[in-house]
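Reviewing the structure listed below.
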Amino acid sequence: MTDLYSGVLEFYARQMPLMEEGRIEEYADTFTEDGVFEHALGWRLEGREQLIEGTRSGLARYAGKALRHWHDRFTVDRRPDGALDVTYLAMVSLVDEQGQVTFEPSCTVRDVLVWSEEGAGGGRWRTRSRFLRHDTSDMSRVWEGRLTGRT
């Protein structure tokens with residue numbers, strides 16, 4: 001189990017910087033071809049094309065800021081079919097050009113990872129589904145640190 005847990009942590013250590021660095025196609029490739037990214041409030045991206053479009057659109061609001069995802073409290077459970085149920089907590093920090101740091105509200109993320117032989121380079125984990133729920137119900141205050149009252 002230790003090797004599995006370490007492999008899962010390494011997967012996320014490689015996945016999230018792809019998005020943060022704007023390498024959106026490479027980020028989308030860490031999902032299965034039919035992968036789903038869904039938010040508790042009802043939006044849903046299905047398949048890599050929607051994931052690419054939705055991620056590109058979503059990242060536009062962070063222009064001029066350094067974006068970082070911080071993850072903690074991972075649980076990893078193997079399903080009978082070999083897929084993994086992974087749950088973790090996440091926060092997003094933003095640093096503007098003046099060095100001002102803001103945080104978006106924390107969230108709980110539930111992923112299903114599957115082993116995939118797709119593509120070059122042999123097998124690797126891919127996200128089949130991601131479900132995200134922010135720890136606030138007032139989504140108008142989520143983006144760009146508005147939970148702290150900043151606009």
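Following the order of the structure tokens, first chain is A, next is B, and so on, with residues numbered from 1 inside each chain and ligands from 1 in the order they appear.
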
Checklist entry - Where in stretch 1-125 of chain A does DSSP assign strand (DSSP E or B), given as JSON, numbers by chain? => result {"A": [31, 32, 33, 34, 35, 36, 37, 38, 39, 44, 45, 46, 66, 67, 68, 69, 70, 71, 72, 73, 74, 75, 76, 77, 78, 84, 85, 86, 87, 88, 89, 90, 91, 92, 93, 94, 95, 101, 102, 103, 107, 108, 109, 110, 111, 112, 113, 114, 115, 116, 124, 125]}

Checklist entry - Quick one: DSSP alpha helix (DSSP H) residues in stretch 3-54 of chain A, as JSON, numbers by chain? => result {"A": [3, 4, 5, 6, 7, 8, 9, 10, 11, 12, 13, 14, 15, 16, 17, 18, 19, 20, 24, 25, 26, 27, 28, 48, 49, 50, 51, 52, 53, 54]}

Would you save the residues from that selection as a PDB file, in the first residue's frame, using N, CA and C atoms?
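Contents of out35.pdb, freshly written:
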```pdb
ATOM      1  N   ASP A   3       3.702   1.834  -1.579  1.00  0.00           N
ATOM      2  CA  ASP A   3       4.094   2.163  -2.956  1.00  0.00           C
ATOM      3  C   ASP A   3       2.922   2.765  -3.730  1.00  0.00           C
ATOM      4  N   LEU A   4       1.734   2.220  -3.518  1.00  0.00           N
ATOM      5  CA  LEU A   4       0.541   2.744  -4.183  1.00  0.00           C
ATOM      6  C   LEU A   4       0.286   4.188  -3.746  1.00  0.00           C
ATOM      7  N   TYR A   5       0.305   4.439  -2.443  1.00  0.00           N
ATOM      8  CA  TYR A   5       0.066   5.774  -1.903  1.00  0.00           C
ATOM      9  C   TYR A   5       1.097   6.763  -2.446  1.00  0.00           C
ATOM     10  N   SER A   6       2.353   6.362  -2.454  1.00  0.00           N
ATOM     11  CA  SER A   6       3.414   7.231  -2.992  1.00  0.00           C
ATOM     12  C   SER A   6       3.193   7.515  -4.468  1.00  0.00           C
ATOM     13  N   GLY A   7       2.758   6.495  -5.216  1.00  0.00           N
ATOM     14  CA  GLY A   7       2.484   6.687  -6.637  1.00  0.00           C
ATOM     15  C   GLY A   7       1.345   7.658  -6.874  1.00  0.00           C
ATOM     16  N   VAL A   8       0.328   7.607  -6.028  1.00  0.00           N
ATOM     17  CA  VAL A   8      -0.795   8.541  -6.147  1.00  0.00           C
ATOM     18  C   VAL A   8      -0.328   9.965  -5.857  1.00  0.00           C
ATOM     19  N   LEU A   9       0.453  10.147  -4.810  1.00  0.00           N
ATOM     20  CA  LEU A   9       0.966  11.485  -4.495  1.00  0.00           C
ATOM     21  C   LEU A   9       1.812  12.027  -5.639  1.00  0.00           C
ATOM     22  N   GLU A  10       2.623  11.169  -6.236  1.00  0.00           N
ATOM     23  CA  GLU A  10       3.443  11.606  -7.368  1.00  0.00           C
ATOM     24  C   GLU A  10       2.573  11.985  -8.566  1.00  0.00           C
ATOM     25  N   PHE A  11       1.484  11.244  -8.789  1.00  0.00           N
ATOM     26  CA  PHE A  11       0.564  11.579  -9.874  1.00  0.00           C
ATOM     27  C   PHE A  11       0.082  13.026  -9.729  1.00  0.00           C
ATOM     28  N   TYR A  12      -0.388  13.403  -8.536  1.00  0.00           N
ATOM     29  CA  TYR A  12      -0.897  14.766  -8.334  1.00  0.00           C
ATOM     30  C   TYR A  12       0.233  15.795  -8.366  1.00  0.00           C
ATOM     31  N   ALA A  13       1.410  15.428  -7.883  1.00  0.00           N
ATOM     32  CA  ALA A  13       2.552  16.348  -7.922  1.00  0.00           C
ATOM     33  C   ALA A  13       2.926  16.694  -9.360  1.00  0.00           C
ATOM     34  N   ARG A  14       2.618  15.799 -10.283  1.00  0.00           N
ATOM     35  CA  ARG A  14       2.898  16.050 -11.699  1.00  0.00           C
ATOM     36  C   ARG A  14       1.697  16.637 -12.428  1.00  0.00           C
ATOM     37  N   GLN A  15       0.480  16.254 -12.011  1.00  0.00           N
ATOM     38  CA  GLN A  15      -0.724  16.699 -12.726  1.00  0.00           C
ATOM     39  C   GLN A  15      -0.977  18.197 -12.552  1.00  0.00           C
ATOM     40  N   MET A  16      -1.015  18.659 -11.327  1.00  0.00           N
ATOM     41  CA  MET A  16      -1.463  20.031 -11.086  1.00  0.00           C
ATOM     42  C   MET A  16      -0.525  21.098 -11.643  1.00  0.00           C
ATOM     43  N   PRO A  17       0.804  20.938 -11.602  1.00  0.00           N
ATOM     44  CA  PRO A  17       1.658  21.956 -12.230  1.00  0.00           C
ATOM     45  C   PRO A  17       1.409  22.117 -13.724  1.00  0.00           C
ATOM     46  N   LEU A  18       0.945  21.069 -14.389  1.00  0.00           N
ATOM     47  CA  LEU A  18       0.632  21.207 -15.812  1.00  0.00           C
ATOM     48  C   LEU A  18      -0.442  22.267 -16.014  1.00  0.00           C
ATOM     49  N   MET A  19      -1.473  22.252 -15.171  1.00  0.00           N
ATOM     50  CA  MET A  19      -2.518  23.269 -15.271  1.00  0.00           C
ATOM     51  C   MET A  19      -1.967  24.632 -14.859  1.00  0.00           C
ATOM     52  N   GLU A  20      -1.252  24.669 -13.750  1.00  0.00           N
ATOM     53  CA  GLU A  20      -0.733  25.944 -13.238  1.00  0.00           C
ATOM     54  C   GLU A  20       0.187  26.633 -14.237  1.00  0.00           C
ATOM     55  N   ILE A  24      -2.262  23.062 -20.810  1.00  0.00           N
ATOM     56  CA  ILE A  24      -3.625  22.553 -20.654  1.00  0.00           C
ATOM     57  C   ILE A  24      -3.838  21.230 -21.378  1.00  0.00           C
ATOM     58  N   GLU A  25      -3.298  21.076 -22.570  1.00  0.00           N
ATOM     59  CA  GLU A  25      -3.471  19.811 -23.287  1.00  0.00           C
ATOM     60  C   GLU A  25      -2.798  18.670 -22.531  1.00  0.00           C
ATOM     61  N   GLU A  26      -1.617  18.945 -21.965  1.00  0.00           N
ATOM     62  CA  GLU A  26      -0.925  17.915 -21.183  1.00  0.00           C
ATOM     63  C   GLU A  26      -1.701  17.604 -19.906  1.00  0.00           C
ATOM     64  N   TYR A  27      -2.271  18.630 -19.278  1.00  0.00           N
ATOM     65  CA  TYR A  27      -3.113  18.424 -18.100  1.00  0.00           C
ATOM     66  C   TYR A  27      -4.314  17.553 -18.475  1.00  0.00           C
ATOM     67  N   ALA A  28      -4.977  17.877 -19.578  1.00  0.00           N
ATOM     68  CA  ALA A  28      -6.144  17.106 -20.012  1.00  0.00           C
ATOM     69  C   ALA A  28      -5.769  15.661 -20.300  1.00  0.00           C
ATOM     70  N   ARG A  48     -12.027  15.075 -22.958  1.00  0.00           N
ATOM     71  CA  ARG A  48     -10.840  15.941 -22.976  1.00  0.00           C
ATOM     72  C   ARG A  48     -11.087  17.271 -23.658  1.00  0.00           C
ATOM     73  N   GLU A  49     -11.875  17.294 -24.741  1.00  0.00           N
ATOM     74  CA  GLU A  49     -12.112  18.562 -25.438  1.00  0.00           C
ATOM     75  C   GLU A  49     -12.803  19.574 -24.519  1.00  0.00           C
ATOM     76  N   GLN A  50     -13.849  19.146 -23.821  1.00  0.00           N
ATOM     77  CA  GLN A  50     -14.522  20.050 -22.882  1.00  0.00           C
ATOM     78  C   GLN A  50     -13.590  20.436 -21.743  1.00  0.00           C
ATOM     79  N   LEU A  51     -12.777  19.488 -21.295  1.00  0.00           N
ATOM     80  CA  LEU A  51     -11.831  19.776 -20.212  1.00  0.00           C
ATOM     81  C   LEU A  51     -10.826  20.845 -20.648  1.00  0.00           C
ATOM     82  N   ILE A  52     -10.335  20.737 -21.859  1.00  0.00           N
ATOM     83  CA  ILE A  52      -9.390  21.731 -22.372  1.00  0.00           C
ATOM     84  C   ILE A  52     -10.062  23.101 -22.462  1.00  0.00           C
ATOM     85  N   GLU A  53     -11.238  23.162 -23.077  1.00  0.00           N
ATOM     86  CA  GLU A  53     -11.950  24.435 -23.218  1.00  0.00           C
ATOM     87  C   GLU A  53     -12.303  25.034 -21.856  1.00  0.00           C
ATOM     88  N   GLY A  54     -12.844  24.218 -20.968  1.00  0.00           N
ATOM     89  CA  GLY A  54     -13.252  24.703 -19.655  1.00  0.00           C
ATOM     90  C   GLY A  54     -12.079  25.152 -18.799  1.00  0.00           C
TER      91      GLY A  54
END
```

Next on the checklist: Taking only C-alpha atoms into account, name the residue in A:Arg23, A:Arg110, A:Arg61, A:Arg44 that is nearest to A:Val86.
Outcome noted: A:Arg110

Next on the checklist: Need the shell around A:Gly64: protein/DNA/RNA residues with any atom at most 10 Å away, counting only C-alpha atoms. Skip same-chain ones fewer than 3 positions apart. Format as JSON, numbers by chain?
Outcome noted: {"A": [60, 61, 67, 94, 95, 96, 97]}

Generate a file of the selected residues that holds all heavy atoms, formatted as a PDB file, in the first residue's frame.
```pdb
ATOM      1  N   ALA A  60      -8.310  31.874 -17.297  1.00  0.00           N
ATOM      2  CA  ALA A  60      -8.234  33.269 -17.749  1.00  0.00           C
ATOM      3  C   ALA A  60      -8.427  34.239 -16.592  1.00  0.00           C
ATOM      4  O   ALA A  60      -7.818  35.311 -16.570  1.00  0.00           O
ATOM      5  CB  ALA A  60      -9.275  33.512 -18.839  1.00  0.00           C
ATOM      6  N   ARG A  61      -9.225  33.881 -15.616  1.00  0.00           N
ATOM      7  CA  ARG A  61      -9.473  34.787 -14.487  1.00  0.00           C
ATOM      8  C   ARG A  61      -8.248  34.969 -13.588  1.00  0.00           C
ATOM      9  O   ARG A  61      -8.216  35.843 -12.746  1.00  0.00           O
ATOM     10  CB  ARG A  61     -10.684  34.327 -13.678  1.00  0.00           C
ATOM     11  CG  ARG A  61     -10.467  33.094 -12.859  1.00  0.00           C
ATOM     12  CD  ARG A  61     -11.723  32.780 -12.007  1.00  0.00           C
ATOM     13  NE  ARG A  61     -11.746  31.400 -11.647  1.00  0.00           N
ATOM     14  CZ  ARG A  61     -12.367  30.442 -12.324  1.00  0.00           C
ATOM     15  NH1 ARG A  61     -13.029  30.728 -13.405  1.00  0.00           N
ATOM     16  NH2 ARG A  61     -12.323  29.200 -11.926  1.00  0.00           N
ATOM     17  N   LEU A  67      -0.495  30.843  -9.755  1.00  0.00           N
ATOM     18  CA  LEU A  67      -1.539  29.952  -9.254  1.00  0.00           C
ATOM     19  C   LEU A  67      -0.887  28.680  -8.723  1.00  0.00           C
ATOM     20  O   LEU A  67      -0.057  28.077  -9.403  1.00  0.00           O
ATOM     21  CB  LEU A  67      -2.482  29.615 -10.423  1.00  0.00           C
ATOM     22  CG  LEU A  67      -3.475  28.482 -10.270  1.00  0.00           C
ATOM     23  CD1 LEU A  67      -4.557  28.859  -9.263  1.00  0.00           C
ATOM     24  CD2 LEU A  67      -4.092  28.161 -11.625  1.00  0.00           C
ATOM     25  N   LEU A  94      -3.055  32.336  -4.736  1.00  0.00           N
ATOM     26  CA  LEU A  94      -2.797  33.239  -5.855  1.00  0.00           C
ATOM     27  C   LEU A  94      -1.840  34.318  -5.377  1.00  0.00           C
ATOM     28  O   LEU A  94      -2.054  34.905  -4.313  1.00  0.00           O
ATOM     29  CB  LEU A  94      -4.102  33.886  -6.323  1.00  0.00           C
ATOM     30  CG  LEU A  94      -5.200  32.921  -6.738  1.00  0.00           C
ATOM     31  CD1 LEU A  94      -6.546  33.618  -6.777  1.00  0.00           C
ATOM     32  CD2 LEU A  94      -4.867  32.325  -8.084  1.00  0.00           C
ATOM     33  N   VAL A  95      -0.812  34.578  -6.163  1.00  0.00           N
ATOM     34  CA  VAL A  95       0.145  35.635  -5.830  1.00  0.00           C
ATOM     35  C   VAL A  95       0.136  36.619  -6.979  1.00  0.00           C
ATOM     36  O   VAL A  95       0.414  36.252  -8.129  1.00  0.00           O
ATOM     37  CB  VAL A  95       1.564  35.074  -5.606  1.00  0.00           C
ATOM     38  CG1 VAL A  95       2.519  36.207  -5.227  1.00  0.00           C
ATOM     39  CG2 VAL A  95       1.557  33.988  -4.553  1.00  0.00           C
ATOM     40  N   ASP A  96      -0.202  37.899  -6.666  1.00  0.00           N
ATOM     41  CA  ASP A  96      -0.241  38.901  -7.733  1.00  0.00           C
ATOM     42  C   ASP A  96       1.143  39.499  -7.961  1.00  0.00           C
ATOM     43  O   ASP A  96       2.115  39.128  -7.295  1.00  0.00           O
ATOM     44  CB  ASP A  96      -1.314  39.954  -7.458  1.00  0.00           C
ATOM     45  CG  ASP A  96      -1.017  40.848  -6.265  1.00  0.00           C
ATOM     46  OD1 ASP A  96       0.159  40.924  -5.801  1.00  0.00           O
ATOM     47  OD2 ASP A  96      -1.957  41.490  -5.775  1.00  0.00           O
ATOM     48  N   GLU A  97       1.227  40.430  -8.895  1.00  0.00           N
ATOM     49  CA  GLU A  97       2.508  41.008  -9.276  1.00  0.00           C
ATOM     50  C   GLU A  97       3.184  41.780  -8.152  1.00  0.00           C
ATOM     51  O   GLU A  97       4.391  41.972  -8.154  1.00  0.00           O
ATOM     52  CB  GLU A  97       2.322  41.886 -10.511  1.00  0.00           C
ATOM     53  CG  GLU A  97       1.933  41.083 -11.740  1.00  0.00           C
ATOM     54  CD  GLU A  97       1.560  41.944 -12.931  1.00  0.00           C
ATOM     55  OE1 GLU A  97       1.525  43.185 -12.815  1.00  0.00           O
ATOM     56  OE2 GLU A  97       1.285  41.353 -13.996  1.00  0.00           O
TER      57      GLU A  97
END
```

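Atom CA of A:Ser93 sits 5.3 Å away from atom CA of A:Arg68.
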
Item to check | Residue nearest A:His69 among A:Thr108, A:Leu132, A:Gly47, A:Met91 (counting only C-alpha atoms) | outcome: A:Met91

Set the distance at 7 Å and use only C-alpha atoms: which residues neighbour A:Thr87 once local chain neighbours fewer than 6 positions away are removed? I'd like the list as a PDB file with all heavy atoms, in the first residue's frame.
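Result went into result_14.pdb, see below:
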```
ATOM      1  N   PHE A  74      -4.841  12.902   2.029  1.00  0.00           N
ATOM      2  CA  PHE A  74      -5.220  11.933   1.004  1.00  0.00           C
ATOM      3  C   PHE A  74      -5.681  10.616   1.630  1.00  0.00           C
ATOM      4  O   PHE A  74      -5.051  10.121   2.553  1.00  0.00           O
ATOM      5  CB  PHE A  74      -4.023  11.612   0.103  1.00  0.00           C
ATOM      6  CG  PHE A  74      -3.707  12.672  -0.897  1.00  0.00           C
ATOM      7  CD1 PHE A  74      -2.923  13.758  -0.543  1.00  0.00           C
ATOM      8  CD2 PHE A  74      -4.179  12.588  -2.196  1.00  0.00           C
ATOM      9  CE1 PHE A  74      -2.612  14.730  -1.476  1.00  0.00           C
ATOM     10  CE2 PHE A  74      -3.882  13.553  -3.132  1.00  0.00           C
ATOM     11  CZ  PHE A  74      -3.097  14.637  -2.767  1.00  0.00           C
ATOM     12  N   THR A  75      -6.757  10.081   1.098  1.00  0.00           N
ATOM     13  CA  THR A  75      -7.117   8.694   1.359  1.00  0.00           C
ATOM     14  C   THR A  75      -7.176   8.000  -0.001  1.00  0.00           C
ATOM     15  O   THR A  75      -7.639   8.579  -0.985  1.00  0.00           O
ATOM     16  CB  THR A  75      -8.470   8.541   2.085  1.00  0.00           C
ATOM     17  OG1 THR A  75      -9.507   9.101   1.279  1.00  0.00           O
ATOM     18  CG2 THR A  75      -8.443   9.251   3.444  1.00  0.00           C
ATOM     19  N   VAL A  76      -6.686   6.781  -0.034  1.00  0.00           N
ATOM     20  CA  VAL A  76      -6.635   6.011  -1.274  1.00  0.00           C
ATOM     21  C   VAL A  76      -7.212   4.631  -0.987  1.00  0.00           C
ATOM     22  O   VAL A  76      -6.720   3.922  -0.111  1.00  0.00           O
ATOM     23  CB  VAL A  76      -5.180   5.873  -1.786  1.00  0.00           C
ATOM     24  CG1 VAL A  76      -5.129   5.040  -3.064  1.00  0.00           C
ATOM     25  CG2 VAL A  76      -4.538   7.237  -1.988  1.00  0.00           C
ATOM     26  N   VAL A 109     -12.050  17.111  -2.735  1.00  0.00           N
ATOM     27  CA  VAL A 109     -12.007  16.560  -4.086  1.00  0.00           C
ATOM     28  C   VAL A 109     -12.093  15.040  -3.974  1.00  0.00           C
ATOM     29  O   VAL A 109     -11.405  14.430  -3.158  1.00  0.00           O
ATOM     30  CB  VAL A 109     -10.713  16.959  -4.821  1.00  0.00           C
ATOM     31  CG1 VAL A 109     -10.712  16.432  -6.248  1.00  0.00           C
ATOM     32  CG2 VAL A 109     -10.519  18.474  -4.797  1.00  0.00           C
ATOM     33  N   ARG A 110     -12.946  14.469  -4.799  1.00  0.00           N
ATOM     34  CA  ARG A 110     -13.075  13.008  -4.879  1.00  0.00           C
ATOM     35  C   ARG A 110     -12.792  12.590  -6.322  1.00  0.00           C
ATOM     36  O   ARG A 110     -13.526  12.965  -7.233  1.00  0.00           O
ATOM     37  CB  ARG A 110     -14.466  12.564  -4.450  1.00  0.00           C
ATOM     38  CG  ARG A 110     -14.690  12.735  -2.972  1.00  0.00           C
ATOM     39  CD  ARG A 110     -16.056  12.193  -2.531  1.00  0.00           C
ATOM     40  NE  ARG A 110     -16.171  12.221  -1.099  1.00  0.00           N
ATOM     41  CZ  ARG A 110     -16.512  13.291  -0.378  1.00  0.00           C
ATOM     42  NH1 ARG A 110     -16.774  14.424  -0.987  1.00  0.00           N
ATOM     43  NH2 ARG A 110     -16.583  13.218   0.933  1.00  0.00           N
ATOM     44  N   ASP A 111     -11.720  11.838  -6.489  1.00  0.00           N
ATOM     45  CA  ASP A 111     -11.306  11.367  -7.808  1.00  0.00           C
ATOM     46  C   ASP A 111     -11.439   9.862  -7.901  1.00  0.00           C
ATOM     47  O   ASP A 111     -11.332   9.154  -6.900  1.00  0.00           O
ATOM     48  CB  ASP A 111      -9.833  11.705  -8.072  1.00  0.00           C
ATOM     49  CG  ASP A 111      -9.585  13.163  -8.405  1.00  0.00           C
ATOM     50  OD1 ASP A 111     -10.552  13.924  -8.564  1.00  0.00           O
ATOM     51  OD2 ASP A 111      -8.401  13.536  -8.508  1.00  0.00           O
TER      52      ASP A 111
END
```

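Interatomic distance, atom CA of A:Arg130 to atom CA of A:Asp81: 17.9 Å.
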
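In this comparison, which uses only C-alpha atoms, the residue of A:Phe131, A:Val92, A:Trp115, A:Arg126 approaching A:Tyr62 most closely is A:Val92.
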
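For the pair atom CA of A:Ala83 and atom CA of A:Val112, the interatomic distance is 6.7 Å.
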
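Considering the residues A:Thr2, A:Gln100, A:Thr136, A:Thr127 and counting only C-alpha atoms, A:Val36 has its shortest atom-to-atom contact with A:Thr127.
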